[in-house]
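coords_23.txt (compact mmCIF, C-alpha atoms)
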```
# COMPACT_ATOMS: atom_id res chain seq x y z
CA MET A 258 -73.34 1.90 56.76
CA LYS A 259 -74.91 4.48 54.47
CA ARG A 260 -72.60 5.49 51.64
CA GLU A 261 -72.02 9.13 50.72
CA ASN A 262 -72.59 8.47 47.00
CA SER A 263 -72.57 5.73 44.41
CA GLU A 264 -69.03 6.44 43.17
CA ILE A 265 -66.81 3.39 42.92
CA TYR A 266 -63.30 3.53 44.38
CA ASN A 267 -61.14 1.16 42.31
CA ILE A 268 -58.26 -0.42 44.21
CA ALA A 269 -55.65 -2.81 42.82
CA ILE A 270 -53.48 -5.18 44.87
CA ALA A 271 -51.06 -7.88 43.69
CA PRO A 272 -50.39 -10.50 46.39
CA ASN A 273 -48.30 -13.62 46.14
CA LYS A 274 -49.54 -16.62 48.13
CA PRO A 275 -48.30 -15.72 51.66
CA TYR A 276 -49.00 -12.02 51.18
CA ALA A 277 -52.66 -12.73 50.41
CA ASN A 278 -53.25 -12.85 54.17
CA TYR A 279 -51.51 -9.50 54.68
CA MET A 280 -53.64 -8.15 51.84
CA MET A 281 -56.76 -9.00 53.84
CA VAL A 282 -55.45 -6.87 56.73
CA LEU A 283 -55.09 -3.99 54.28
CA MET A 284 -58.63 -4.62 53.05
CA GLN A 285 -59.96 -4.68 56.62
CA SER A 286 -58.32 -1.33 57.31
CA LEU A 287 -60.13 0.09 54.28
CA PHE A 288 -63.46 -1.39 55.40
CA GLU A 289 -63.13 0.33 58.78
CA THR A 290 -61.77 3.70 57.73
CA ASN A 291 -63.78 4.07 54.52
CA SER A 292 -67.04 2.32 55.35
CA ASP A 293 -69.05 5.02 53.57
CA LYS A 294 -67.51 4.16 50.18
CA LYS A 295 -68.19 1.61 47.48
CA LEU A 296 -64.88 -0.24 47.14
CA PHE A 297 -64.02 -2.42 44.17
CA PHE A 298 -60.88 -4.53 44.49
CA TYR A 299 -58.92 -5.82 41.51
CA VAL A 300 -56.63 -8.60 42.74
CA LEU A 301 -53.85 -9.36 40.26
CA TYR A 302 -52.58 -12.85 41.00
CA HIS A 303 -50.66 -15.80 39.65
CA GLU A 304 -50.54 -18.47 42.35
CA LEU A 305 -53.72 -18.09 44.42
CA SER A 306 -55.77 -21.28 44.42
CA GLU A 307 -59.52 -21.34 43.77
CA ARG A 308 -60.08 -22.06 47.46
CA GLU A 309 -58.01 -19.03 48.47
CA ARG A 310 -59.79 -16.81 45.97
CA ASN A 311 -63.17 -17.97 47.27
CA ARG A 312 -62.16 -17.23 50.85
CA ILE A 313 -61.03 -13.72 49.91
CA GLN A 314 -64.18 -13.11 47.87
CA VAL A 315 -66.46 -14.09 50.75
CA PHE A 316 -64.49 -11.80 53.07
CA VAL A 317 -64.75 -8.85 50.67
CA GLU A 318 -68.42 -9.31 49.81
CA THR A 319 -69.37 -9.83 53.47
CA ASN A 320 -67.96 -6.36 54.06
CA GLY A 321 -70.09 -4.84 51.31
CA ALA A 322 -67.38 -4.45 48.68
CA ASP A 323 -66.84 -6.02 45.25
CA ILE A 324 -63.88 -7.92 43.88
CA SER A 325 -62.49 -9.21 40.61
CA PHE A 326 -59.53 -11.57 40.28
CA VAL A 327 -57.22 -10.98 37.32
CA LEU A 328 -54.92 -13.86 36.40
CA VAL A 329 -51.44 -12.74 35.30
CA GLU A 330 -49.01 -15.16 33.70
CA ASN A 331 -45.42 -15.01 34.98
CA GLU A 332 -44.16 -15.55 31.43
CA LEU A 333 -45.04 -11.94 30.69
CA PHE A 334 -42.05 -10.91 32.78
CA ALA A 335 -39.47 -13.29 31.35
CA GLY A 336 -36.29 -11.29 30.95
CA PHE A 337 -37.12 -8.94 33.84
CA PRO A 338 -34.56 -9.19 36.66
CA MET A 339 -35.67 -10.83 39.91
CA GLU A 340 -34.41 -10.80 43.49
CA GLU A 341 -34.76 -13.65 45.97
CA ARG A 342 -36.77 -11.63 48.49
CA PHE A 343 -39.27 -10.48 45.85
CA SER A 344 -41.72 -12.37 43.68
CA SER A 345 -42.91 -11.65 40.15
CA GLU A 346 -46.04 -10.01 41.61
CA ALA A 347 -43.89 -6.92 42.21
CA TYR A 348 -44.11 -6.33 38.45
CA PHE A 349 -47.86 -6.75 38.15
CA ARG A 350 -48.53 -3.04 38.70
CA LEU A 351 -46.82 -2.45 35.35
CA ILE A 352 -49.72 -3.99 33.43
CA VAL A 353 -52.81 -2.51 35.10
CA GLN A 354 -53.55 -0.51 31.96
CA ASP A 355 -53.41 -3.72 29.88
CA VAL A 356 -55.57 -6.05 31.97
CA LEU A 357 -58.23 -4.03 33.80
CA PRO A 358 -61.64 -3.13 32.30
CA LYS A 359 -61.88 -0.05 30.11
CA GLU A 360 -64.48 1.49 32.42
CA VAL A 361 -61.83 1.85 35.15
CA ASP A 362 -60.72 5.43 34.63
CA ARG A 363 -58.93 5.95 37.95
CA LEU A 364 -57.13 3.33 40.01
CA LEU A 365 -55.44 3.32 43.41
CA TYR A 366 -52.69 0.71 43.61
CA LEU A 367 -51.54 -0.32 47.11
CA ASP A 368 -48.85 -2.73 48.27
CA CYS A 369 -49.92 -5.59 50.54
CA ASP A 370 -47.68 -4.37 53.39
CA MET A 371 -49.79 -1.27 53.91
CA ILE A 372 -52.78 -0.24 55.98
CA VAL A 373 -55.15 2.66 55.40
CA THR A 374 -55.77 4.67 58.55
CA GLY A 375 -57.95 7.48 57.22
CA ASP A 376 -60.31 8.69 54.51
CA ILE A 377 -58.94 8.08 51.00
CA ASN A 378 -61.34 10.54 49.33
CA GLU A 379 -58.84 13.41 49.05
CA LEU A 380 -56.11 11.10 47.75
CA TYR A 381 -58.39 9.36 45.27
CA HIS A 382 -59.57 12.67 43.82
CA THR A 383 -56.12 14.25 43.61
CA GLU A 384 -55.86 16.52 40.58
CA LEU A 385 -53.24 14.73 38.49
CA GLU A 386 -52.51 17.75 36.27
CA ASP A 387 -52.16 15.65 33.11
CA LYS A 388 -49.62 13.36 34.81
CA TYR A 389 -49.79 9.58 34.49
CA PHE A 390 -50.17 8.97 38.20
CA ALA A 391 -49.66 10.36 41.68
CA ALA A 392 -46.92 8.93 43.90
CA CYS A 393 -44.88 9.84 46.95
CA GLY A 394 -41.32 11.02 46.56
CA PHE A 395 -38.51 10.77 49.07
CA SER A 396 -38.25 14.50 49.72
CA THR A 397 -39.24 15.89 53.10
CA GLN A 398 -40.96 18.80 51.35
CA CYS A 399 -44.69 18.61 50.81
CA GLU A 400 -45.63 17.52 47.27
CA CYS A 401 -42.04 17.57 46.06
CA GLY A 402 -39.64 14.95 44.76
CA ASP A 403 -37.68 13.64 41.80
CA GLU A 404 -37.85 9.95 42.76
CA PHE A 405 -40.77 8.00 44.14
CA ASN A 406 -41.76 4.81 45.94
CA SER A 407 -44.02 2.51 43.92
CA GLY A 408 -46.03 1.18 46.89
CA MET A 409 -48.86 3.69 46.42
CA LEU A 410 -49.77 4.78 42.90
CA LEU A 411 -52.92 6.63 41.81
CA PHE A 412 -53.28 6.03 38.06
CA ASP A 413 -55.00 8.06 35.36
CA MET A 414 -55.98 4.91 33.52
CA GLU A 415 -57.11 6.61 30.32
CA LYS A 416 -53.75 8.32 29.92
CA MET A 417 -51.91 5.11 30.81
CA ARG A 418 -53.84 3.11 28.19
CA ARG A 419 -53.17 5.74 25.56
CA ASP A 420 -49.40 5.91 26.00
CA ILE A 421 -48.15 2.91 28.02
CA SER A 422 -48.15 -0.87 27.70
CA LEU A 423 -46.01 -3.75 28.91
CA LYS A 424 -43.90 -3.28 25.76
CA THR A 425 -42.90 0.13 27.14
CA TYR A 426 -41.24 -1.54 30.12
CA GLN A 427 -39.82 -4.42 28.10
CA ALA A 428 -37.97 -1.95 25.91
CA LEU A 429 -36.83 0.04 28.95
CA THR A 430 -35.52 -3.14 30.64
CA LYS A 431 -33.04 -3.60 27.80
CA LYS A 432 -31.69 -0.07 28.28
CA LEU A 433 -31.14 -0.34 32.04
CA SER A 434 -28.41 -2.27 33.82
CA SER A 435 -29.29 -5.85 34.74
CA ASP A 436 -29.26 -5.17 38.49
CA PHE A 437 -31.85 -2.38 38.61
CA TYR A 438 -34.39 -2.30 41.45
CA LEU A 439 -37.34 -4.12 39.89
CA ASP A 440 -40.59 -2.29 39.09
CA GLN A 441 -39.69 0.79 41.11
CA GLU A 442 -36.64 1.64 39.02
CA LEU A 443 -38.50 0.95 35.78
CA LEU A 444 -41.32 3.27 36.82
CA ASN A 445 -38.89 5.95 37.96
CA ALA A 446 -36.88 5.72 34.76
CA GLN A 447 -40.05 6.13 32.71
CA PHE A 448 -41.98 8.72 34.73
CA ALA A 449 -40.02 10.37 37.57
CA LYS A 450 -38.80 13.38 35.61
CA ASP A 451 -42.10 14.78 34.33
CA GLY A 452 -44.78 12.08 34.44
CA VAL A 453 -45.68 12.08 38.15
CA LYS A 454 -47.86 14.23 40.34
CA TYR A 455 -45.97 14.17 43.65
CA VAL A 456 -48.05 14.00 46.83
CA TRP A 457 -46.79 14.15 50.37
CA LYS A 458 -45.12 11.01 51.61
CA GLN A 459 -45.89 11.56 55.27
CA LYS A 460 -49.59 11.46 54.49
CA TYR A 461 -49.97 8.88 51.72
CA ASN A 462 -46.95 6.57 52.03
CA PHE A 463 -45.79 6.95 55.61
CA THR A 464 -42.82 4.86 56.73
CA CYS A 465 -41.29 4.91 60.19
CA PRO A 466 -37.61 4.88 59.02
CA PHE A 467 -38.12 7.97 56.85
CA TYR A 468 -40.04 9.83 59.54
CA ARG A 469 -37.41 9.07 62.18
CA LYS A 470 -34.64 10.35 59.92
CA PHE A 471 -36.34 13.57 58.88
CA ALA A 472 -38.70 14.30 61.79
CA ASP A 473 -37.18 17.71 62.53
CA LYS A 474 -37.38 18.83 58.89
CA ILE A 475 -40.93 17.53 58.56
CA LYS A 476 -42.06 19.45 61.63
CA LYS A 477 -40.34 22.58 60.34
CA GLU A 478 -41.94 22.37 56.89
CA MET A 479 -45.40 21.56 58.25
CA PRO A 480 -45.62 22.59 61.93
CA SER A 481 -49.24 21.48 62.30
CA TYR A 482 -48.52 17.93 61.08
CA THR A 483 -49.31 15.05 63.45
CA LEU A 484 -49.52 11.29 63.08
CA GLU A 485 -53.30 11.71 62.92
CA ASP A 486 -52.84 13.18 59.42
CA ILE A 487 -51.55 9.87 58.03
CA ILE A 488 -53.81 8.13 55.52
CA VAL A 489 -51.59 5.28 54.25
CA VAL A 490 -48.95 3.50 56.36
CA HIS A 491 -46.30 1.46 54.58
CA PHE A 492 -44.33 -1.15 56.56
CA ALA A 493 -41.21 -0.83 54.42
CA GLY A 494 -37.59 -0.19 55.31
CA PRO A 495 -35.54 -1.34 58.32
CA GLY A 496 -37.58 -2.82 61.14
CA ILE A 497 -39.81 -5.69 62.17
CA ARG A 498 -42.79 -6.36 59.94
CA PRO A 499 -46.13 -6.46 61.82
CA TRP A 500 -46.71 -10.12 60.99
CA GLN A 501 -43.29 -10.98 62.46
CA MET A 502 -43.97 -9.59 65.91
CA CYS A 503 -46.89 -8.34 67.95
CA LEU A 504 -45.32 -6.00 70.48
CA THR A 505 -47.04 -3.73 73.01
CA GLU A 506 -45.69 -0.51 74.50
CA ARG A 507 -45.36 -2.33 77.82
CA GLU A 508 -43.12 -4.97 76.23
CA LEU A 509 -41.13 -2.23 74.53
CA LYS A 510 -40.51 -0.53 77.87
CA GLN A 511 -39.28 -3.82 79.34
CA LEU A 512 -36.89 -4.35 76.44
CA ASP A 513 -35.63 -0.79 76.81
CA LYS A 514 -35.24 -1.20 80.58
CA GLN A 515 -33.17 -4.32 79.98
CA LYS A 516 -31.11 -2.39 77.39
CA LEU A 517 -31.93 -4.88 74.64
CA LEU A 518 -33.17 -2.51 71.92
CA ASP A 519 -29.64 -1.94 70.59
CA PHE A 520 -29.28 -5.70 70.15
CA PHE A 521 -32.56 -5.83 68.20
CA ALA A 522 -31.25 -3.03 65.98
CA MET A 523 -27.97 -4.90 65.58
CA LYS A 524 -29.90 -7.80 64.02
CA GLY A 525 -31.82 -5.44 61.71
CA TYR A 526 -34.96 -5.12 63.87
CA LEU A 527 -35.27 -1.42 64.57
CA ILE A 528 -38.17 -0.90 66.96
CA ASP A 529 -39.33 2.04 69.03
CA LYS A 530 -42.52 3.61 70.39
CA LEU A 531 -43.39 5.02 66.96
CA TYR A 532 -43.18 1.64 65.27
CA VAL A 533 -45.04 -0.19 68.06
CA HIS A 534 -47.90 2.29 67.64
CA PHE A 535 -48.39 1.09 64.06
CA LEU A 536 -47.75 -2.56 64.93
CA GLU A 537 -50.66 -2.40 67.36
CA MET A 538 -52.81 -0.72 64.70
CA TRP A 539 -52.00 -3.45 62.15
CA TRP A 540 -52.94 -6.18 64.62
CA HIS A 541 -56.17 -4.35 65.45
CA TYR A 542 -57.22 -4.85 61.81
CA ALA A 543 -55.68 -8.34 61.58
CA GLU A 544 -57.81 -9.59 64.46
CA LYS A 545 -60.95 -9.01 62.39
CA THR A 546 -59.85 -11.00 59.35
CA PRO A 547 -60.55 -14.71 58.68
CA CYS A 548 -56.81 -15.37 58.62
CA TYR A 549 -56.17 -14.05 62.15
CA GLU A 550 -55.35 -17.44 63.69
CA TRP A 551 -52.90 -18.17 60.86
CA LEU A 552 -51.28 -14.76 61.30
CA LEU A 553 -51.00 -15.23 65.05
CA PHE A 554 -49.52 -18.73 64.79
CA ASN A 555 -46.88 -17.70 62.27
CA MET A 556 -46.08 -14.52 64.16
CA GLU A 557 -45.36 -16.47 67.36
CA LYS A 558 -42.89 -18.68 65.50
CA LYS A 559 -41.13 -15.69 63.97
CA LYS A 560 -41.14 -13.81 67.27
CA ASN A 561 -39.37 -16.73 68.98
CA GLN A 562 -36.84 -16.79 66.15
CA ILE A 563 -36.18 -13.07 66.50
CA TYR A 564 -35.68 -13.37 70.26
CA SER A 565 -33.25 -16.24 69.66
CA GLU A 566 -31.28 -14.10 67.23
CA VAL A 567 -31.17 -11.25 69.74
CA LEU A 568 -30.07 -13.63 72.51
CA MET A 569 -27.16 -14.79 70.36
CA ALA A 570 -26.24 -11.17 69.67
CA VAL A 571 -26.17 -10.54 73.44
CA ILE A 572 -23.98 -13.59 74.08
CA GLU A 573 -21.57 -12.59 71.31
CA SER A 574 -21.35 -8.98 72.51
CA LYS A 575 -18.29 -7.45 74.10
CA GLU A 576 -20.29 -6.39 77.16
CA TYR A 577 -21.47 -9.93 77.79
CA LYS A 578 -18.00 -11.39 77.36
CA ILE A 579 -16.49 -8.84 79.74
CA GLY A 580 -19.18 -9.56 82.32
CA TYR A 581 -18.78 -13.30 81.89
CA ASN A 582 -15.00 -13.06 82.30
CA LEU A 583 -15.39 -10.94 85.43
CA LEU A 584 -17.67 -13.60 86.90
CA GLN A 585 -15.01 -16.22 86.21
CA ILE A 586 -12.33 -14.42 88.29
CA PRO A 587 -13.66 -15.32 91.79
CA ARG A 588 -14.33 -18.87 90.57
CA ARG A 589 -10.75 -19.20 89.39
CA ILE A 590 -9.46 -17.78 92.70
CA LYS A 591 -11.63 -20.23 94.60
CA ARG A 592 -10.28 -23.13 92.55
CA TYR A 593 -6.70 -21.88 93.16
CA LEU A 594 -7.21 -21.71 96.94
CA LYS A 595 -8.46 -25.30 96.98
CA ARG A 596 -5.14 -26.57 95.61
```

Represent the structure contained in this file as C-alpha cells.
Amino acid sequence: MKRENSEIYNIAIAPNKPYANYMMVLMQSLFETNSDKKLFFYVLYHELSERERNRIQVFVETNGADISFVLVENELFAGFPMEERFSSEAYFRLIVQDVLPKEVDRLLYLDCDMIVTGDINELYHTELEDKYFAACGFSTQCECGDEFNSGMLLFDMEKMRRDISLKTYQALTKKLSSDFYLDQELLNAQFAKDGVKYVWKQKYNFTCPFYRKFADKIKKEMPSYTLEDIIVVHFAGPGIRPWQMCLTERELKQLDKQKLLDFFAMKGYLIDKLYVHFLEMWWHYAEKTPCYEWLLFNMEKKKNQIYSEVLMAVIESKEYKIGYNLLQIPRRIKRYLKR
C-alpha cells in the first residue's frame, strides 16, 4: 500500500505475557485501518521471552511496520501499590519519557484491550496547546473533562522529558493514599487540572458502558454523531471482554428470546447489540493474527465457564425455584394418590 508521506507514527504499548496476544489484535487493527502510514511500535515489556518477541517482530515487519522492544525492570515500581487484577505493566506508561529515544517527539500510547477502527491522523496531530498530553475525560461534552482515562494518551515527548521523570511519580506516590487507582490516579493527580488537552471520549476512547449510560446526552450535544465516527474502541468497564466470548447477533437474539440476558448481567457480563457489534469487529482483526488459534481455544474455555456461571444463576433464581416447586405439586399429588 502506498503511504501518504514518510512521517513516522510512534505508538507505545505495554503488554504483560497473556496480553501480548491481545496487543497483536490491536496492531492488526492499525495495519488495516492505517495502511497508508509508517507505524513504529515501542513495546515496553518485562516478561516477554525472546521467542515471543521474535514472533511479534515477524508479525509487525511482515505488515510493513517497525518495532523496538524496551525492557523495563519491575524494581523501578517498588513501593507503588498493586492490585491482583493488574500487573506492573500498568505503570510502564509513566516512564515513556525516560526510556524512549530522544528523536521521538510525539507518542501515542494505547492499552492492549483496544482496537483502532479509523484513521489516527487527526488524533496524532492534535494541537496540544502546550499541554503534556491529550487524553479523554469522562464528560459527555466534546473536548471537556476534569478527569481522564489513561488508556489512550498522546504525549508531547519533548515537554514530558523537560519536566517529568519517574521521580515525579515516586514523590507523588508518597503523598497519595495507599489504595489509589494505580497509574491512572497518579496521572490525574499530576496533570488533570491544567496539564491535559481533553479530546472527545466517544471518538478516541469509546467504551460501551459509558455510551449506554449517556447516549441521550451524547446525541443531544453532537446530533450528527454515529458509531462510524469512532477511531479508538476500549474494551473497559462492565461486560465480557472480546477474548472471553465470540458472540454473534444471532446468538444474542437467542439469549434474549430465552430471557437469559438478565442472568448474564447478574454475573457481571453485560452484553447487548452494541457490544456484540464491537466483539465481532475485534474477532475480525483477531482472525488475521498469528495467535488466532490460541485466542480461539482460550475463548472457548472461557465461554463455557461463563455459560456455566449463568446456568447456576438461573438455577439459584427465584423464578426457577418457583417454577420447579410448581412442577413438584402434581408429582406430590400423584404420590399421595398412590398411597

Pick from A:Tyr279, A:Phe405, A:Tyr302, A:Tyr461 nearest to Gly375 in chain A, counting only C-alpha atoms: A:Tyr461

Nearby residues (only C-alpha atoms) at most 10 Å from Tyr299 in chain A, same-chain spacing under 2 positions excluded, as a list in words: Asn267, Ile268, Ala269, Ile270, Ala271, Leu296, Phe297, Leu301, Tyr302, Asp323, Ile324, Ser325, Phe326, Val327, Val353, Leu357, Pro358, Leu364, Leu365 and Tyr366 of chain A

Option closest in space to Leu484 in chain A, from A:Leu568, A:Ser396, A:Asn406, A:Phe535 [counting all atoms listed in the file]: A:Phe535

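Comparing A:Glu386, A:Asp440, A:Asp293, A:Glu318 by their smallest distance to Arg350 in chain A, the closest is A:Asp440 (using all atoms listed in the file).
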
Selection near Ile377 in chain A, 12 Å with all atoms listed in the file, sequence-local residues under 2 positions removed, as a VMD selection string: chain A and resid 266 to 268 286 to 296 365 367 372 to 375 379 to 383 409 411 460 to 461 486 to 489

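Between CA of Met523 in chain A and CA of Val490 in chain A the separation is 24.4 Å.
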
Selected residue of minimal separation from Leu531 in chain A among A:Pro466, A:Gly402, A:Pro480, A:Pro499, counting only C-alpha atoms: A:Pro466

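Distance-wise, CA of Lys454 in chain A and CA of Ala391 in chain A end up 4.5 Å apart.
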
Ref. answer, residues at most 9 Å from (-46.9, -0.9, 38.9) with all atoms listed in the file, as an MDAnalysis selection string: chainID A and resid 347:353 366 407:408 410 440:441 444

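Note that CA of Met538 in chain A and CA of Glu485 in chain A are 12.6 Å apart.
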
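The closest residue to Ile421 in chain A, picked from A:Gln354, A:Thr483, A:Asn445, A:Ser344 and counting all atoms listed in the file, is A:Gln354.
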
Ref. answer, residues at most 6 Å from (-55.0, -4.0, 52.0) with only C-alpha atoms, as a ChimeraX atom specification: /A:280-284,369,372

Selection: 10 Å around Gly394 in chain A, only C-alpha atoms, excl. self and same-chain fewer than 3 positions, as a list in words: Ala391, Thr397, Gln398, Cys399, Glu400, Cys401, Gly402, Asp403, Glu404, Phe405, Asn406, Ser407, Ala449, Val453, Lys454, Tyr455, Val456, Trp457, Lys458, Gln459 and Asn462 of chain A

Shell around Tyr532 in chain A at 12 Å using only C-alpha atoms, local window under 5 positions removed, as a PyMOL selection string: chain A and resi 463-469+484+490-499+502-506+509+526-527+537-539

Keeping only C-alpha atoms, write those residues as a JSON list (two decimals), in the coordinates of the input.
```json
[["chain", "number", "residue", "atom", "x", "y", "z"],
["A", 463, "PHE", "CA", -45.79, 6.95, 55.61],
["A", 464, "THR", "CA", -42.82, 4.86, 56.73],
["A", 465, "CYS", "CA", -41.29, 4.91, 60.19],
["A", 466, "PRO", "CA", -37.61, 4.88, 59.02],
["A", 467, "PHE", "CA", -38.12, 7.97, 56.85],
["A", 468, "TYR", "CA", -40.04, 9.83, 59.54],
["A", 469, "ARG", "CA", -37.41, 9.07, 62.18],
["A", 484, "LEU", "CA", -49.52, 11.29, 63.08],
["A", 490, "VAL", "CA", -48.95, 3.50, 56.36],
["A", 491, "HIS", "CA", -46.30, 1.46, 54.58],
["A", 492, "PHE", "CA", -44.33, -1.15, 56.56],
["A", 493, "ALA", "CA", -41.21, -0.83, 54.42],
["A", 494, "GLY", "CA", -37.59, -0.19, 55.31],
["A", 495, "PRO", "CA", -35.54, -1.34, 58.32],
["A", 496, "GLY", "CA", -37.58, -2.82, 61.14],
["A", 497, "ILE", "CA", -39.81, -5.69, 62.17],
["A", 498, "ARG", "CA", -42.79, -6.36, 59.94],
["A", 499, "PRO", "CA", -46.13, -6.46, 61.82],
["A", 502, "MET", "CA", -43.97, -9.59, 65.91],
["A", 503, "CYS", "CA", -46.89, -8.34, 67.95],
["A", 504, "LEU", "CA", -45.32, -6.00, 70.48],
["A", 505, "THR", "CA", -47.04, -3.73, 73.01],
["A", 506, "GLU", "CA", -45.69, -0.51, 74.50],
["A", 509, "LEU", "CA", -41.13, -2.23, 74.53],
["A", 526, "TYR", "CA", -34.96, -5.12, 63.87],
["A", 527, "LEU", "CA", -35.27, -1.42, 64.57],
["A", 537, "GLU", "CA", -50.66, -2.40, 67.36],
["A", 538, "MET", "CA", -52.81, -0.72, 64.70],
["A", 539, "TRP", "CA", -52.00, -3.45, 62.15]]
```

Using all atoms of range 278-294 of chain A that appear in the file, construct an axis-aligned enclosing box with 8 Å of padding on every side and provide its centre coordinates and edge lengths in Å, rounded to one decimal, as lines of an AutoDock Vina configuration file.
```
center_x = -60.3
center_y = -3.9
center_z = 54.5
size_x = 33.5
size_y = 33.9
size_z = 24.6
```
